[in-house]
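Undergrad: This is run25.txt (compact mmCIF, C-alpha atoms).
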# COMPACT_ATOMS: atom_id res chain seq x y z
CA MET A 1 0.00 0.00 0.00
CA ASP A 2 1.28 3.44 -0.94
CA LYS A 3 1.78 6.07 1.66
CA GLY A 4 -1.07 8.58 1.89
CA LYS A 5 -3.63 6.38 0.12
CA ALA A 6 -6.67 5.33 2.09
CA VAL A 7 -8.31 1.97 1.77
CA MET A 8 -11.81 2.55 0.44
CA GLY A 9 -14.68 0.46 1.66
CA ALA A 10 -13.07 -0.43 4.97
CA GLY A 11 -15.40 1.96 6.88
CA ARG A 12 -14.50 4.06 9.85
CA ARG A 13 -12.55 2.15 12.40
CA TRP A 14 -12.39 5.00 14.94
CA ALA A 15 -15.89 6.42 15.28
CA VAL A 16 -17.59 7.42 18.54
CA ASP A 17 -21.35 7.48 19.00
CA PHE A 18 -22.37 10.31 21.36
CA SER A 19 -26.06 9.54 21.52
CA ASP A 20 -27.34 8.92 25.05
CA GLN A 21 -29.00 5.51 25.23
CA SER A 22 -28.41 4.83 28.89
CA THR A 23 -31.01 4.57 31.66
CA VAL A 24 -28.94 6.71 34.03
CA PRO A 25 -30.56 10.11 34.73
CA SER A 26 -28.93 12.82 32.64
CA SER A 27 -27.98 16.32 33.71
CA ARG A 28 -31.22 17.59 32.20
CA ASP A 29 -33.19 15.71 34.84
CA ILE A 30 -31.27 17.18 37.82
CA LEU A 31 -32.57 20.41 39.36
CA ASP A 32 -30.49 23.56 39.07
CA PRO A 33 -28.72 24.74 42.25
CA PRO A 34 -30.23 27.68 44.17
CA GLY A 35 -29.42 31.02 42.56
CA PHE A 36 -28.71 29.54 39.13
CA SER A 37 -30.99 30.38 36.26
CA ARG A 38 -30.89 29.16 32.70
CA ILE A 39 -31.17 32.43 30.80
CA SER A 40 -30.33 32.33 27.18
CA PRO A 41 -26.95 33.91 26.39
CA GLU A 42 -28.58 36.41 24.02
CA GLN A 43 -30.75 37.84 26.80
CA ASP A 44 -27.85 37.94 29.24
CA ASP A 45 -25.56 39.55 26.70
CA SER A 46 -28.10 42.24 25.86
CA ALA A 47 -28.52 43.16 29.53
CA THR A 48 -24.79 43.23 30.21
CA SER A 49 -24.06 45.05 26.97
CA ARG A 50 -26.68 47.67 27.88
CA GLN A 51 -25.05 48.05 31.30
CA LYS A 52 -21.63 48.33 29.70
CA LYS A 53 -22.88 50.97 27.28
CA ASP A 54 -24.46 52.94 30.13
CA ALA A 55 -21.26 52.68 32.17
CA GLU A 56 -19.21 53.80 29.17
CA ALA A 57 -21.55 56.74 28.57
CA ASN A 58 -21.24 57.78 32.24
CA TRP A 59 -17.45 57.48 32.02
CA LYS A 60 -17.37 59.60 28.85
CA LEU A 61 -19.53 62.27 30.46
CA GLN A 62 -17.31 62.33 33.55
CA LYS A 63 -14.15 62.67 31.43
CA ALA A 64 -15.81 65.38 29.32
CA TRP A 65 -16.49 67.39 32.49
CA GLU A 66 -12.88 66.92 33.60
CA VAL A 67 -11.67 68.25 30.25
CA ALA A 68 -14.17 71.12 30.43
CA GLN A 69 -12.89 72.21 33.85
CA SER A 70 -9.19 71.83 33.02
CA PRO A 71 -8.80 75.47 31.80
CA PHE A 72 -9.57 76.60 35.37
CA LYS A 73 -6.22 75.21 36.56
CA ASN A 74 -4.47 76.98 33.71
CA LEU A 75 -6.34 80.19 34.54
CA MET A 76 -5.16 80.15 38.15
CA MET A 77 -1.58 79.36 37.18
CA MET A 78 -1.50 82.06 34.50
CA GLY A 79 -2.96 84.62 36.92
CA PHE A 80 -0.24 83.85 39.46
CA MET A 81 2.46 84.09 36.79
CA MET A 82 1.10 87.46 35.64
CA TRP A 83 1.09 88.73 39.19
CA MET A 84 4.69 87.57 39.64
CA ALA A 85 5.73 89.27 36.36
CA GLY A 86 4.68 92.70 37.68
CA ASN A 87 3.34 95.75 35.86
CA THR A 88 6.48 96.88 34.09
CA VAL A 89 7.09 96.23 30.42
CA HIS A 90 9.95 93.78 30.02
CA LEU A 91 10.59 90.59 28.13
CA PHE A 92 9.25 88.20 30.78
CA SER A 93 5.96 90.05 31.35
CA ILE A 94 5.34 90.38 27.61
CA GLY A 95 6.06 86.66 27.07
CA ILE A 96 3.71 85.66 29.89
CA THR A 97 1.00 87.99 28.57
CA PHE A 98 1.15 86.70 25.01
CA SER A 99 1.19 83.13 26.32
CA ALA A 100 -1.94 84.00 28.30
CA LEU A 101 -3.54 85.24 25.08
CA TRP A 102 -2.34 82.41 22.83
CA GLN A 103 -3.41 79.44 24.97
CA PRO A 104 -7.13 80.36 25.19
CA LEU A 105 -7.25 81.30 21.51
CA SER A 106 -5.81 77.95 20.43
CA ALA A 107 -8.12 76.13 22.86
CA LEU A 108 -11.15 77.97 21.48
CA GLN A 109 -10.19 76.95 17.96
CA SER A 110 -9.95 73.27 18.88
CA VAL A 111 -13.12 72.73 20.93
CA GLY A 112 -14.41 70.12 18.47
CA LYS A 113 -11.16 68.15 18.55
CA VAL A 114 -10.96 68.28 22.34
CA PHE A 115 -14.42 66.76 22.80
CA GLU A 116 -14.24 64.35 19.84
CA PRO A 117 -13.34 61.26 21.95
CA PHE A 118 -16.44 61.78 24.08
CA LYS A 119 -19.01 61.89 21.27
CA ASP A 120 -21.78 59.39 21.81
CA ASN A 121 -25.52 59.29 21.27
CA LYS A 122 -26.07 58.90 25.02
CA VAL A 123 -23.65 61.68 26.09
CA GLU A 124 -24.80 65.30 26.04
CA LEU A 125 -21.73 67.50 25.53
CA LEU A 126 -23.36 70.94 25.34
CA MET A 127 -22.81 71.98 28.97
CA PRO A 128 -19.18 70.75 29.16
CA LYS A 129 -18.43 72.60 25.93
CA LEU A 130 -20.04 75.79 27.27
CA VAL A 131 -18.02 75.57 30.50
CA PHE A 132 -14.85 74.98 28.45
CA LEU A 133 -15.64 78.03 26.30
CA ALA A 134 -16.44 80.23 29.30
CA LEU A 135 -13.23 79.35 31.13
CA ASN A 136 -11.13 79.96 28.03
CA LEU A 137 -12.88 83.29 27.44
CA GLY A 138 -12.04 84.14 31.06
CA GLY A 139 -8.38 83.34 30.33
CA LEU A 140 -8.52 85.56 27.25
CA ALA A 141 -10.02 88.38 29.34
CA LEU A 142 -7.21 87.93 31.89
CA GLY A 143 -4.63 88.31 29.11
CA ILE A 144 -6.33 91.44 27.75
CA TRP A 145 -6.49 92.90 31.26
CA LYS A 146 -2.75 92.30 31.63
CA LEU A 147 -2.11 94.03 28.29
CA ASN A 148 -4.09 97.00 29.62
CA THR A 149 -2.16 97.12 32.91
CA LEU A 150 1.09 97.07 30.96
CA GLY A 151 -0.15 100.01 28.90
CA LEU A 152 0.05 98.09 25.64
CA LEU A 153 -3.60 98.55 24.65
CA PRO A 154 -4.52 101.74 22.78
CA THR A 155 -7.23 103.01 25.11
CA HIS A 156 -6.86 106.82 24.70
CA ALA A 157 -7.24 109.10 21.72
CA SER A 158 -3.57 110.07 22.00
CA ASP A 159 -2.64 106.46 21.24
CA TRP A 160 -4.08 106.94 17.75
CA VAL A 161 -3.31 110.58 16.97
CA SER A 162 0.24 111.79 17.48
CA SER A 163 -0.70 115.48 17.74
CA LEU A 164 -2.71 114.94 20.94
CA PRO A 165 -0.92 115.03 24.26
CA PRO A 166 -0.91 111.81 26.28
CA PRO A 167 -3.22 111.69 29.30
CA GLN A 168 -1.84 112.75 32.63
CA GLU A 169 -0.75 109.88 34.80
CA VAL A 170 -2.54 109.89 38.11
CA GLU A 171 -0.66 107.97 40.72
CA HIS A 172 -1.50 107.67 44.35
CA SER A 173 0.59 106.08 46.97
CA GLY A 174 -0.33 105.43 50.51
CA GLY A 175 1.40 104.62 53.72
CA GLY A 176 4.77 105.70 54.94
CA PHE A 177 5.71 109.02 56.47
CA ALA A 178 5.50 112.47 54.97
CA PHE A 179 8.79 114.33 55.32
CA HIS A 180 8.64 118.13 55.10
Here is the file; what I need is its structure written in the form of structure tokens.
TA:
Amino acid sequence: MDKGKAVMGAGRRWAVDFSDQSTVPSSRDILDPPGFSRISPEQDDSATSRQKKDAEANWKLQKAWEVAQSPFKNLMMMGFMMWMAGNTVHLFSIGITFSALWQPLSALQSVGKVFEPFKDNKVELLMPKLVFLALNLGGLALGIWKLNTLGLLPTHASDWVSSLPPPQEVEHSGGGFAFH
């Protein structure tokens, strides 16, 4: 006989019959243990998948709120850095001020990209987006306020017309002793 050639007509020598023809009670006849229920896998999967989807939607909403509130930390840090820079015009204060203007502007331009991972039919992103926008607008207002305190905003007519005299500086100082 050649290798790899089967003998036809010999039948199956190694066949197993799995049909139950015994008189011994099968597992179908035994009662289920307490707490066990025979729910079809489709029903169980739909319930667990619904729970998983709800849990994922809650997680996405929570993360969206964390992202929406993250500009607050930046706002506090930038305010402290502006306070530390002082009110005089020098390289450090100008760099901090323009950083305070640039960060909110770039964040406002990328609101859609920031909240893209959290898009879902079950997640409402309107309020987190509004909070994100409001905090970034607050950061922008802080940067504009710093530009004004540095005197870099044209707020008087003399800033636009060179023939007008600049406004008189009014400074007040308090405390200390008056020496005459």
Undergrad: So, with all atoms listed in the file as the atoms that count, which of A:Val123, A:Val89, A:Met82, A:Ile144 lies closest to A:Trp102?
TA: A:Ile144
Undergrad: Find the distance between atom CA of A:Met81 and atom CA of A:Leu140 and write it in Å to one decimal.
TA: 14.6 Å
Undergrad: Identify, on the basis of all atoms listed in the file, every residue whose closest approach to A:Asn121 does not exceed 12 Å; exclude the query and any residue fewer than 6 positions from it along the same chain; express the result as a list in words.
TA: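 Near A:Asn121, the qualifying residues are Lys53, Asp54, Glu56, Ala57, Asn58, Lys60 and Leu61 of chain A.
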Undergrad: Using atom CA of A:Trp65 and atom CA of A:Pro128 as the two end points, give the distance in Å to one decimal.
TA: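 For atom CA of A:Trp65 relative to atom CA of A:Pro128, the distance reads 5.4 Å.
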Undergrad: Let me make sure I understand: among A:Ala134, A:Leu101, A:Leu150, A:Ala64, which one has the smallest atom-to-atom distance to A:Asp120 if we use all atoms listed in the file?
TA: A:Ala64
Undergrad: Quick one: of A:Ser158, A:Ser163, A:Asn136, A:Ser106, who's nearest to A:Lys73, counting only C-alpha atoms?
TA: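 Distance minimum relative to A:Lys73 lands on A:Asn136.
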Undergrad: With distances taken over only C-alpha atoms, which of A:Leu152, A:Ile96, A:Ala107, A:Val161 is nearest to A:Ser70?
TA: A:Ala107
